[in-house]
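For reference, start_18.txt (compact mmCIF, C-alpha atoms):
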```txt
# COMPACT_ATOMS: atom_id res chain seq x y z
CA MET A 1 107.20 94.31 132.75
CA SER A 2 103.61 94.06 131.62
CA ASN A 3 102.84 91.58 128.89
CA SER A 4 100.64 93.98 126.99
CA PHE A 5 102.04 96.59 124.58
CA SER A 6 103.34 99.08 127.07
CA SER A 7 103.68 102.82 126.88
CA HIS A 8 106.64 104.14 124.96
CA LYS A 9 107.44 106.33 127.95
CA ASN A 10 109.73 103.45 128.94
CA LEU A 11 111.78 103.89 125.76
CA GLU A 12 114.43 105.96 127.47
CA THR A 13 115.41 102.94 129.57
CA LEU A 14 115.92 100.59 126.61
CA PRO A 15 119.53 99.54 126.25
CA ASP A 16 119.92 99.75 122.47
CA GLN A 17 123.27 97.96 122.50
CA GLU A 18 121.72 94.91 124.13
CA LEU A 19 118.76 94.99 121.77
CA TYR A 20 121.13 95.19 118.82
CA GLN A 21 123.08 92.15 119.99
CA GLY A 22 119.81 90.39 120.75
CA LEU A 23 118.53 91.02 117.22
CA LEU A 24 121.77 89.73 115.75
CA ASN A 25 121.40 86.51 117.70
CA ASN A 26 117.59 86.13 117.45
CA HIS A 27 117.12 86.49 121.20
CA ARG A 28 113.45 86.34 122.01
CA SER A 29 113.71 88.71 124.98
CA SER A 30 115.21 91.51 122.86
CA ILE A 31 112.79 91.06 119.97
CA SER A 32 109.89 90.92 122.39
CA GLN A 33 111.03 94.03 124.24
CA LEU A 34 111.47 95.98 121.01
CA TYR A 35 108.03 94.92 119.80
CA ARG A 36 106.24 95.82 123.02
CA GLU A 37 108.01 99.12 123.50
CA VAL A 38 107.95 100.54 119.98
CA TYR A 39 104.62 99.21 118.68
CA PRO A 40 102.46 101.76 120.58
CA MET A 41 104.48 104.71 119.29
CA ALA A 42 104.49 103.37 115.71
CA LYS A 43 100.78 102.70 115.97
CA ALA A 44 100.02 106.26 117.12
CA GLN A 45 102.06 107.76 114.29
CA LEU A 46 100.75 105.42 111.58
CA MET A 47 97.16 105.98 112.64
CA ARG A 48 97.67 109.72 112.36
CA MET A 49 98.75 109.00 108.78
CA GLY A 50 95.45 107.21 108.16
CA ALA A 51 96.44 103.56 108.78
CA ASN A 52 93.92 101.11 110.24
CA GLU A 53 94.78 98.37 112.77
CA GLU A 54 95.64 95.80 110.08
CA GLU A 55 97.83 98.24 108.15
CA VAL A 56 99.63 99.20 111.36
CA LYS A 57 100.37 95.55 112.08
CA ASP A 58 101.59 94.91 108.54
CA ALA A 59 103.79 98.02 108.42
CA PHE A 60 105.21 97.32 111.87
CA GLN A 61 106.03 93.68 111.20
CA GLU A 62 107.63 94.50 107.85
CA GLY A 63 109.58 97.21 109.62
CA MET A 64 110.77 94.73 112.23
CA VAL A 65 111.84 92.27 109.51
CA ALA A 66 113.71 95.03 107.64
CA LEU A 67 115.43 96.18 110.85
CA TRP A 68 116.39 92.59 111.66
CA LYS A 69 117.79 91.96 108.16
CA ASN A 70 119.61 95.28 108.03
CA THR A 71 121.16 94.59 111.43
CA LYS A 72 122.40 91.19 110.29
CA GLN A 73 123.75 92.60 107.04
CA GLY A 74 125.53 95.47 108.78
CA LYS A 75 123.30 97.99 106.97
CA PHE A 76 122.02 99.31 110.28
CA GLN A 77 124.71 100.33 112.75
CA LEU A 78 124.03 101.74 116.18
CA GLN A 79 124.89 105.41 116.50
CA ALA A 80 125.00 107.38 119.73
CA GLU A 81 122.42 109.86 118.48
CA THR A 82 119.98 107.55 116.72
CA LYS A 83 117.69 105.33 118.68
CA MET A 84 116.75 101.99 117.20
CA SER A 85 113.11 102.94 117.73
CA THR A 86 113.49 106.06 115.55
CA TYR A 87 114.96 104.01 112.72
CA LEU A 88 112.32 101.31 113.05
CA ILE A 89 109.42 103.76 113.02
CA GLN A 90 110.81 105.51 109.96
CA ILE A 91 110.95 102.20 108.04
CA CYS A 92 107.37 101.41 109.11
CA LYS A 93 106.16 104.80 107.92
CA ASN A 94 107.95 104.46 104.59
CA HIS A 95 106.52 100.98 104.14
CA PHE A 96 103.01 102.22 104.84
CA LEU A 97 103.32 105.25 102.57
CA GLU A 98 104.71 103.24 99.66
CA LYS A 99 102.04 100.60 100.01
CA LYS A 100 99.40 103.29 100.17
CA ARG A 101 100.72 105.14 97.15
CA LYS A 102 101.50 101.91 95.30
CA LEU A 103 104.76 103.31 94.00
CA PRO A 104 107.13 100.36 93.91
CA ASN A 105 110.30 102.14 92.80
CA THR A 106 110.56 105.46 94.59
CA GLY A 107 114.07 104.82 95.81
CA SER A 108 113.19 105.16 99.47
CA LEU A 109 113.54 102.67 102.28
CA HIS A 110 111.02 99.92 101.45
CA PRO A 111 112.32 96.81 103.20
CA ASP A 112 111.83 94.45 100.26
CA GLN A 113 113.50 96.84 97.88
CA GLN A 114 116.43 97.26 100.21
CA VAL A 115 116.82 93.53 100.43
CA GLU A 116 116.53 92.98 96.69
CA ARG A 117 118.99 95.74 95.92
CA LEU A 118 121.41 94.35 98.43
CA ALA A 119 121.07 90.93 96.88
CA GLU A 120 122.51 92.32 93.69
CA ASP A 121 125.54 93.52 95.59
CA ASN A 122 126.42 90.37 97.49
CA PHE A 123 125.71 86.82 96.54
CA LEU A 124 125.45 85.83 100.21
CA ASP A 125 122.51 88.12 100.71
CA HIS A 126 119.99 86.26 98.63
CA TRP A 127 116.65 86.27 100.41
CA PHE A 128 113.29 84.92 99.46
CA LYS A 129 110.80 87.53 98.36
CA ARG A 130 107.81 87.97 100.60
CA GLU A 131 105.47 86.02 98.33
CA GLU A 132 108.01 83.16 98.14
CA MET A 133 108.10 82.95 101.92
CA GLU A 134 104.60 81.46 101.96
CA GLN A 135 105.75 78.67 99.67
CA LEU A 136 108.80 78.06 101.81
CA SER A 137 106.61 77.97 104.90
CA LYS A 138 104.33 75.40 103.27
CA HIS A 139 107.26 73.17 102.29
CA LEU A 140 108.85 73.48 105.70
CA ARG A 141 105.61 72.31 107.33
CA MET A 142 105.51 69.35 104.93
CA LEU A 143 108.85 68.16 106.30
CA GLY A 144 107.22 67.15 109.57
CA GLU A 145 107.66 68.33 113.14
CA ARG A 146 111.00 66.67 113.77
CA CYS A 147 112.73 68.30 110.79
CA GLN A 148 111.13 71.65 111.57
CA LYS A 149 112.38 71.50 115.14
CA LEU A 150 115.89 70.50 114.12
CA LEU A 151 116.22 73.25 111.51
CA LYS A 152 114.76 75.84 113.88
CA LEU A 153 117.14 74.90 116.70
CA PHE A 154 120.15 75.03 114.41
CA TYR A 155 119.46 77.94 112.04
CA TYR A 156 117.23 80.17 114.19
CA GLU A 157 118.04 79.39 117.81
CA ARG A 158 121.71 78.96 116.83
CA GLU A 159 122.20 75.97 119.12
CA SER A 160 125.26 73.78 118.58
CA MET A 161 124.84 70.27 117.14
CA ARG A 162 125.91 68.91 120.52
CA GLU A 163 123.09 70.76 122.31
CA ILE A 164 120.59 69.72 119.67
CA ALA A 165 121.69 66.08 119.89
CA LEU A 166 121.15 66.14 123.66
CA GLU A 167 117.78 67.82 123.34
CA MET A 168 116.56 65.38 120.70
CA ASN A 169 118.07 62.34 122.31
CA LEU A 170 120.44 61.59 119.41
CA GLY A 171 124.13 61.03 118.89
CA GLU A 172 125.90 64.12 117.55
CA ALA A 173 126.73 62.45 114.22
CA SER A 174 123.13 61.31 113.79
CA ALA A 175 121.88 64.82 114.52
CA LYS A 176 124.23 66.22 111.86
CA ASN A 177 123.04 63.67 109.30
CA GLU A 178 119.43 64.32 110.08
CA LYS A 179 119.88 68.07 109.78
CA TYR A 180 121.60 67.57 106.40
CA ARG A 181 118.79 65.35 105.13
CA CYS A 182 116.09 67.78 106.31
CA MET A 183 117.72 70.70 104.55
CA GLN A 184 118.25 68.76 101.34
CA LYS A 185 114.64 67.62 101.42
CA LEU A 186 113.42 71.18 101.92
CA LYS A 187 115.45 72.41 98.94
CA LYS A 188 114.25 69.57 96.76
CA THR A 189 110.55 69.91 97.56
CA TYR A 190 110.72 73.70 97.24
CA ASP A 191 112.40 73.51 93.82
CA LEU A 192 109.87 70.89 92.67
CA GLY A 193 106.91 72.81 94.10
CA MET B 1 125.81 68.89 97.96
CA GLU B 2 127.47 66.48 100.38
CA SER B 3 126.90 66.58 104.14
CA ARG B 4 130.48 67.72 104.71
CA ASP B 5 130.05 70.63 102.26
CA GLN B 6 126.86 71.73 103.97
CA GLU B 7 128.63 71.74 107.33
CA ARG B 8 131.41 73.94 105.99
CA ILE B 9 128.98 76.34 104.35
CA ASP B 10 126.89 76.49 107.53
CA ALA B 11 129.96 77.29 109.59
CA TYR B 12 130.87 80.06 107.14
CA LEU B 13 127.37 81.56 106.90
CA MET B 14 126.80 81.46 110.63
CA GLY B 15 130.10 83.15 111.43
CA LYS B 16 131.64 80.15 113.15
CA LEU B 17 134.94 80.19 111.24
CA ASP B 18 137.94 82.03 112.61
CA GLU B 19 139.48 84.78 110.48
CA LYS B 20 142.08 82.53 108.82
CA ALA B 21 139.58 79.79 107.95
CA ARG B 22 137.08 82.37 106.70
CA GLN B 23 139.62 83.95 104.37
CA ALA B 24 140.67 80.53 103.05
CA PHE B 25 137.04 79.59 102.41
CA GLU B 26 136.37 82.87 100.58
CA GLU B 27 139.40 82.27 98.36
CA GLU B 28 137.99 78.85 97.58
CA ILE B 29 134.62 80.42 96.70
CA ASN B 30 136.33 82.90 94.38
CA GLU B 31 138.11 80.11 92.57
CA SER B 32 135.15 77.75 92.27
CA PRO B 33 131.93 78.94 90.56
CA GLU B 34 130.26 75.67 91.65
CA LEU B 35 131.05 76.33 95.31
CA ALA B 36 129.93 79.96 94.94
CA GLU B 37 126.61 78.78 93.51
CA ALA B 38 126.19 76.19 96.28
CA VAL B 39 126.89 78.80 98.97
CA ALA B 40 124.45 81.29 97.40
CA GLN B 41 121.70 78.67 97.13
CA HIS B 42 122.23 77.33 100.65
CA SER B 43 122.40 80.86 102.06
CA ARG B 44 118.96 81.60 100.62
CA PHE B 45 117.41 78.63 102.40
CA VAL B 46 119.23 79.32 105.66
CA HIS B 47 117.95 82.93 105.59
CA GLY B 48 114.51 81.69 104.59
CA VAL B 49 114.22 79.28 107.53
CA GLU B 50 115.50 81.98 109.85
CA GLU B 51 113.07 84.59 108.54
CA LEU B 52 110.10 82.23 108.79
CA HIS B 53 110.79 81.67 112.47
CA PHE B 54 111.37 85.38 113.03
CA ARG B 55 108.01 86.16 111.43
CA GLU B 56 106.34 83.45 113.52
CA LEU B 57 107.71 85.07 116.65
CA LEU B 58 106.43 88.50 115.55
CA GLU B 59 102.96 87.05 115.03
CA GLU B 60 103.09 85.38 118.44
CA LEU B 61 104.18 88.62 120.13
CA HIS B 62 101.44 90.52 118.37
CA GLN B 63 98.78 88.09 119.48
CA GLU B 64 100.07 88.19 123.06
CA GLY B 65 100.05 92.00 123.08
CA VAL B 66 96.66 92.36 121.44
CA GLY B 67 95.21 89.65 123.69
CA GLN B 68 96.48 91.41 126.78
CA GLU B 69 95.08 94.73 125.58
CA LYS B 70 91.67 93.12 125.04
CA ASN B 71 91.77 91.41 128.43
CA GLY B 72 92.62 94.75 129.98
CA ILE B 73 89.51 96.31 128.47
CA LYS B 74 87.38 93.42 129.70
CA ARG B 75 88.70 93.81 133.20
CA ARG B 76 87.88 97.48 133.14
CA LYS B 77 84.38 96.68 131.91
CA ARG B 78 83.83 94.37 134.85
CA TRP B 79 84.33 97.17 137.38
CA PRO B 80 81.24 97.31 139.55
CA ILE B 81 79.10 100.41 139.29
CA TRP B 82 79.84 101.47 142.86
CA SER B 83 83.57 101.69 142.13
CA ILE B 84 82.91 104.02 139.19
CA ALA B 85 80.72 106.18 141.43
CA ALA B 86 83.46 106.25 144.08
CA VAL B 87 86.03 107.38 141.54
CA LEU B 88 83.70 110.13 140.28
CA LEU B 89 83.11 111.35 143.83
CA LEU B 90 86.83 111.33 144.49
CA LEU B 91 87.52 113.29 141.31
CA LEU B 92 84.84 115.80 142.27
CA GLY B 93 86.48 116.23 145.66
CA VAL B 94 89.89 116.71 144.11
CA PHE B 95 88.42 119.25 141.69
CA TRP B 96 87.04 121.35 144.55
CA ILE B 97 90.15 121.11 146.68
CA PHE B 98 92.51 122.02 143.85
CA GLN B 99 90.58 124.89 142.30
CA PRO B 100 93.33 126.75 140.44
CA ASN B 101 94.61 130.11 141.55
CA PRO B 102 92.99 132.73 139.28
CA THR B 103 96.40 133.90 138.09
CA SER B 104 97.27 130.44 136.77
CA GLU B 105 94.05 129.92 134.85
CA PHE B 106 95.29 131.31 131.53
CA SER B 107 96.35 128.94 128.75
CA ILE B 108 99.84 129.07 127.32
CA GLN B 109 100.21 129.56 123.61
CA LEU B 110 103.17 127.37 122.68
CA ASP B 111 105.72 128.26 120.03
CA PRO B 112 104.42 127.14 116.60
CA GLY B 113 107.61 125.17 115.91
CA LEU B 114 110.11 125.13 113.07
CA PRO B 115 109.71 123.91 109.49
CA THR B 116 111.03 120.39 109.01
CA THR B 117 113.32 119.28 106.22
CA LEU B 118 114.98 115.94 105.62
CA GLY B 119 118.70 115.79 106.18
CA GLY B 120 121.15 113.58 108.06
CA THR B 121 120.23 111.17 110.81
CA ASN B 122 120.05 113.90 113.48
CA ALA B 123 117.95 116.13 111.25
CA LEU B 124 115.66 113.17 110.64
CA ALA B 125 115.13 112.58 114.35
CA PHE B 126 114.74 116.31 115.02
CA GLY B 127 112.22 116.62 112.19
CA GLU B 128 110.23 113.62 113.41
CA GLY B 129 110.15 115.20 116.86
CA MET B 130 109.02 118.51 115.37
CA ASN B 131 106.24 116.79 113.44
CA ALA B 132 105.09 115.09 116.64
CA TYR B 133 105.30 118.40 118.56
CA LYS B 134 103.17 120.18 115.97
CA GLN B 135 100.54 117.49 116.40
CA ASP B 136 100.62 117.95 120.20
CA ASP B 137 102.21 114.51 120.61
CA TYR B 138 104.57 115.67 123.34
CA VAL B 139 105.54 112.17 124.47
CA SER B 140 106.87 111.25 121.02
CA ALA B 141 108.56 114.64 120.61
CA ARG B 142 110.37 114.09 123.92
CA ALA B 143 111.39 110.56 122.88
CA TYR B 144 112.96 111.91 119.68
CA TRP B 145 114.64 114.97 121.15
CA THR B 146 115.95 113.78 124.50
CA PRO B 147 118.74 111.56 123.03
CA LEU B 148 119.76 114.40 120.70
CA TRP B 149 119.88 116.86 123.56
CA GLU B 150 121.89 114.45 125.69
CA ALA B 151 124.41 114.27 122.86
CA HIS B 152 124.34 118.05 122.31
CA PRO B 153 123.61 119.64 125.70
CA GLN B 154 124.65 123.10 124.44
CA ASN B 155 122.08 123.13 121.64
CA ASP B 156 119.65 125.93 122.52
CA THR B 157 117.08 124.90 119.87
CA LEU B 158 116.64 121.47 121.46
CA LEU B 159 116.56 122.98 124.94
CA PHE B 160 113.92 125.52 123.94
CA TYR B 161 111.64 122.96 122.30
CA LEU B 162 112.06 120.45 125.11
CA ALA B 163 110.93 123.24 127.42
CA GLN B 164 107.92 123.74 125.13
CA VAL B 165 107.17 120.04 125.46
CA ASP B 166 107.26 120.43 129.26
CA LEU B 167 104.84 123.36 129.00
CA GLY B 168 102.58 121.34 126.72
CA GLU B 169 102.51 118.61 129.35
CA GLU B 170 102.03 121.18 132.13
CA ARG B 171 105.34 120.27 133.74
CA PHE B 172 106.02 123.85 134.69
CA GLN B 173 108.92 123.25 137.09
CA ALA B 174 110.75 121.27 134.39
CA SER B 175 110.07 123.95 131.76
CA LEU B 176 111.27 126.65 134.16
CA GLU B 177 114.55 124.85 134.82
CA LYS B 178 115.29 124.46 131.11
CA LEU B 179 114.29 128.00 130.22
CA GLU B 180 116.34 129.49 133.05
CA GLN B 181 119.31 127.57 131.74
CA LEU B 182 118.59 128.98 128.30
CA ILE B 183 118.38 132.64 129.31
CA LYS B 184 121.84 132.44 130.84
CA ASN B 185 123.08 132.46 127.25
CA GLU B 186 122.64 136.07 126.19
CA GLU B 187 123.59 135.24 122.60
CA SER B 188 120.90 132.64 122.11
CA GLY B 189 118.40 133.32 119.36
CA PHE B 190 115.74 132.01 121.72
CA LEU B 191 116.62 134.47 124.54
CA GLU B 192 113.57 136.74 124.30
CA LYS B 193 111.12 133.94 123.65
CA ALA B 194 112.60 132.05 126.60
CA ARG B 195 112.13 135.06 128.94
CA TRP B 196 108.44 135.19 128.05
CA TYR B 197 107.98 131.51 128.80
CA VAL B 198 110.00 131.82 132.04
CA ALA B 199 107.46 134.43 133.16
CA LEU B 200 104.56 132.17 132.20
CA SER B 201 106.11 129.19 134.00
CA HIS B 202 106.53 131.28 137.16
CA LEU B 203 102.92 132.35 136.90
CA LYS B 204 101.70 128.77 136.49
CA LEU B 205 103.73 127.78 139.53
CA GLY B 206 102.14 130.57 141.57
CA GLN B 207 105.44 132.48 141.83
CA ILE B 208 103.69 135.77 141.28
CA GLU B 209 106.44 138.24 142.17
CA ALA B 210 109.03 136.59 139.92
CA ALA B 211 106.49 136.49 137.08
CA LYS B 212 105.50 140.13 137.56
CA ALA B 213 109.09 141.35 137.51
CA LEU B 214 109.76 139.64 134.20
CA LEU B 215 106.46 140.65 132.64
CA GLN B 216 107.02 144.29 133.60
CA ASP B 217 110.43 144.18 131.99
CA ILE B 218 108.97 142.62 128.81
CA SER B 219 106.03 145.06 128.70
CA THR B 220 108.13 148.20 128.95
CA ARG B 221 110.53 147.57 126.10
CA GLN B 222 110.50 146.49 122.51
CA HIS B 223 109.68 142.84 122.82
CA PRO B 224 107.51 140.67 120.55
CA LYS B 225 105.34 139.84 123.55
CA SER B 226 105.17 143.31 125.18
CA LYS B 227 101.42 143.76 124.52
CA GLU B 228 100.58 140.30 125.82
CA ALA B 229 102.71 141.02 128.89
CA GLN B 230 100.78 144.26 129.56
CA GLU B 231 97.45 142.45 129.26
CA LEU B 232 98.58 139.65 131.51
CA LEU B 233 99.86 142.09 134.17
CA LYS B 234 96.36 143.58 134.40
CA THR B 235 95.00 140.22 135.54
CA ILE B 236 97.59 139.76 138.30
CA PRO B 237 96.64 141.20 141.68
```
Can you give me the file's structure in the form of structure tokens?
Amino acid sequence: MSNSFSSHKNLETLPDQELYQGLLNNHRSSISQLYREVYPMAKAQLMRMGANEEEVKDAFQEGMVALWKNTKQGKFQLQAETKMSTYLIQICKNHFLEKKRKLPNTGSLHPDQQVERLAEDNFLDHWFKREEMEQLSKHLRMLGERCQKLLKLFYYERESMREIALEMNLGEASAKNEKYRCMQKLKKTYDLG
Amino acid sequence: MESRDQERIDAYLMGKLDEKARQAFEEEINESPELAEAVAQHSRFVHGVEELHFRELLEELHQEGVGQEKNGIKRRKRWPIWSIAAVLLLLLGVFWIFQPNPTSEFSIQLDPGLPTTLGGTNALAFGEGMNAYKQDDYVSARAYWTPLWEAHPQNDTLLFYLAQVDLGEERFQASLEKLEQLIKNEESGFLEKARWYVALSHLKLGQIEAAKALLQDISTRQHPKSKEAQELLKTIP
């Protein structure tokens, strides 16, 4: 497959079930495939609605984040008659329209609103708001490369502590301790900051 | 929070507990407001770290895609002038060789489409396809409608509009196959419209006799396209 954003004519060959599982498990290949395949179609539709390149990128990435969160929270379930691309594009369009109209509480599908509403329903679904993510990013960078790598491997790549220990040339117990200390440090600096 | 607590919460949040252990942990959460608070707080940071890396990946993918698109344009710009001239000459040759048959020169007026309303998931996809169709975005319309049609192969509305998409893309053999399937159903609300477009597809494919037979039938009876059929017949030798 080409590395550039390819034509959405290939959409019919996308195995949605595999993409769904890939999203659940943060698999780069699935996320990458979804991005490359759906972006051109979303771009065409958003531009017809008056979006510029930057707005297309913003709406698409927020749409991807919302799809990813909804998949993990079980809010988005695969159905035989609904393609993942259709759902994703609809979220992107809603995001763009709401941002354009500056109507924060219209009750439609804005990703942040969905997430915040869901957070009220389930205490496990607390997420940082978008503006808080920048702060978190800053504090994560302040932890240093080693901590960043360890937390990424464990929480994002979903590697086991044994795999991480091997990769970082540590004993398993040491890896666990280091991961604990990194997370505690992140929480502390974030709360202080 | 102790290291051991964090490990347990991680295992719970990341779905690594079996059903029995998960239920036991949830009971513990229900009985301990302190544990519930610790889980909620830790969950927020776990999600935060995960989301940051997800967003980083999106940015990386975007840059890769945009970079490739730009490189593609540069490559095209570096084509030497003689290759552009060669392509133009080739296109000119093709144009002369494939001069269309006079009977297939007419343009097809596609069906204006249906009004779109929001409804369930299928209606949403159908409506999105209809919006795309009305804006002549046949590729998107096909992408929306094909999965619906595969799930509902007897749906004559989807079949009719997919045939319109084929016509819009000048895929006349494909449109003919769909429309011929449609006119087998004498009770379809799209029957008469479909007959008209079958005739036009035949004409575009150079199947003059089949087109004439249908157009004569349409022109001699009460049909919404009878006048157009009469006019078209005059242009066919």
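Interatomic distance, CA of Leu19 (chain A) against CA of Leu148 (chain B): 19.5 Å.
All residues of protein, DNA or RNA that reach within 8 Å of region 136-144 of chain A, judged by all atoms listed in the file and not counting those fewer than 3 positions away in the chain, are Glu132, Met133, Cys147, Gln148, Cys182, Lys185, Leu186, Thr189 and Tyr190 of chain A; Gly48, Val49 and Leu52 of chain B.
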Per residue of chain B within 8 Å of chain A, record the nearest atom pair and its distance in Å to one decimal, counting only C-alpha atoms, with rows in chain order and ascending residue number, as JSON lines.
```
{"residue": "B:Ser3", "atom": "CA", "partner": "A:Tyr180", "partner_atom": "CA", "distance": 5.8}
{"residue": "B:Gln6", "atom": "CA", "partner": "A:Tyr180", "partner_atom": "CA", "distance": 7.1}
{"residue": "B:Val39", "atom": "CA", "partner": "A:Leu124", "partner_atom": "CA", "distance": 7.3}
{"residue": "B:Ala40", "atom": "CA", "partner": "A:Leu124", "partner_atom": "CA", "distance": 5.4}
{"residue": "B:Gln41", "atom": "CA", "partner": "A:His126", "partner_atom": "CA", "distance": 7.9}
{"residue": "B:Ser43", "atom": "CA", "partner": "A:Leu124", "partner_atom": "CA", "distance": 6.1}
{"residue": "B:Arg44", "atom": "CA", "partner": "A:His126", "partner_atom": "CA", "distance": 5.2}
{"residue": "B:Phe45", "atom": "CA", "partner": "A:Lys187", "partner_atom": "CA", "distance": 7.4}
{"residue": "B:Val46", "atom": "CA", "partner": "A:Tyr155", "partner_atom": "CA", "distance": 6.5}
{"residue": "B:His47", "atom": "CA", "partner": "A:Trp127", "partner_atom": "CA", "distance": 6.3}
{"residue": "B:Gly48", "atom": "CA", "partner": "A:Phe128", "partner_atom": "CA", "distance": 6.2}
{"residue": "B:Val49", "atom": "CA", "partner": "A:Tyr155", "partner_atom": "CA", "distance": 7.0}
{"residue": "B:Glu50", "atom": "CA", "partner": "A:Tyr156", "partner_atom": "CA", "distance": 5.0}
{"residue": "B:Glu51", "atom": "CA", "partner": "A:Val65", "partner_atom": "CA", "distance": 7.8}
{"residue": "B:Leu52", "atom": "CA", "partner": "A:Ser137", "partner_atom": "CA", "distance": 6.7}
{"residue": "B:His53", "atom": "CA", "partner": "A:Tyr156", "partner_atom": "CA", "distance": 6.8}
{"residue": "B:Phe54", "atom": "CA", "partner": "A:Asn26", "partner_atom": "CA", "distance": 7.7}
{"residue": "B:Arg55", "atom": "CA", "partner": "A:Val65", "partner_atom": "CA", "distance": 7.5}
{"residue": "B:Leu57", "atom": "CA", "partner": "A:Arg28", "partner_atom": "CA", "distance": 8.0}
{"residue": "B:Leu58", "atom": "CA", "partner": "A:Gln61", "partner_atom": "CA", "distance": 6.8}
{"residue": "B:Leu61", "atom": "CA", "partner": "A:Ser32", "partner_atom": "CA", "distance": 6.6}
{"residue": "B:Glu64", "atom": "CA", "partner": "A:Ser4", "partner_atom": "CA", "distance": 7.0}
{"residue": "B:Gly65", "atom": "CA", "partner": "A:Ser4", "partner_atom": "CA", "distance": 4.4}
{"residue": "B:Val66", "atom": "CA", "partner": "A:Ser4", "partner_atom": "CA", "distance": 7.0}
{"residue": "B:Gly67", "atom": "CA", "partner": "A:Ser4", "partner_atom": "CA", "distance": 7.7}
{"residue": "B:Gln68", "atom": "CA", "partner": "A:Ser4", "partner_atom": "CA", "distance": 4.9}
{"residue": "B:Glu69", "atom": "CA", "partner": "A:Ser4", "partner_atom": "CA", "distance": 5.8}
{"residue": "B:Thr121", "atom": "CA", "partner": "A:Thr82", "partner_atom": "CA", "distance": 6.9}
{"residue": "B:Asn122", "atom": "CA", "partner": "A:Glu81", "partner_atom": "CA", "distance": 6.9}
{"residue": "B:Ala125", "atom": "CA", "partner": "A:Thr86", "partner_atom": "CA", "distance": 6.8}
{"residue": "B:Val139", "atom": "CA", "partner": "A:Lys9", "partner_atom": "CA", "distance": 7.1}
{"residue": "B:Ser140", "atom": "CA", "partner": "A:Met41", "partner_atom": "CA", "distance": 7.2}
{"residue": "B:Ala143", "atom": "CA", "partner": "A:Glu12", "partner_atom": "CA", "distance": 7.2}
{"residue": "B:Tyr144", "atom": "CA", "partner": "A:Thr86", "partner_atom": "CA", "distance": 7.2}
{"residue": "B:Pro147", "atom": "CA", "partner": "A:Glu81", "partner_atom": "CA", "distance": 6.1}
{"residue": "B:Leu148", "atom": "CA", "partner": "A:Glu81", "partner_atom": "CA", "distance": 5.7}
{"residue": "B:Ala151", "atom": "CA", "partner": "A:Glu81", "partner_atom": "CA", "distance": 6.5}
```
For Glu2 (chain B), the nearest of the candidates B:Asp217, B:Glu26, B:Leu35, B:Ile236, counting all atoms listed in the file: B:Leu35
Selection as a PyMOL selection string: residues within 12 Å of (106.5, 133.6, 130.3), counting all atoms listed in the file: chain B and resi 104+106-111+163-164+167+172+175-176+179-180+183+191-205+207-208+210-219+225-226+228-229+232-233
Would you compute the box with edges along x, y and z of the file around region 62-68 of chain A, including every atom the file lists for it and 5 Å extra on each side, and give its centre and edge lengths in Å to one decimal, as lines of an AutoDock Vina configuration file?
```
center_x = 112.0
center_y = 94.7
center_z = 109.9
size_x = 18.8
size_y = 14.9
size_z = 14.6
```
Between CA of Leu166 (chain A) and CA of Arg8 (chain B), distance in Å (one decimal): 21.9 Å
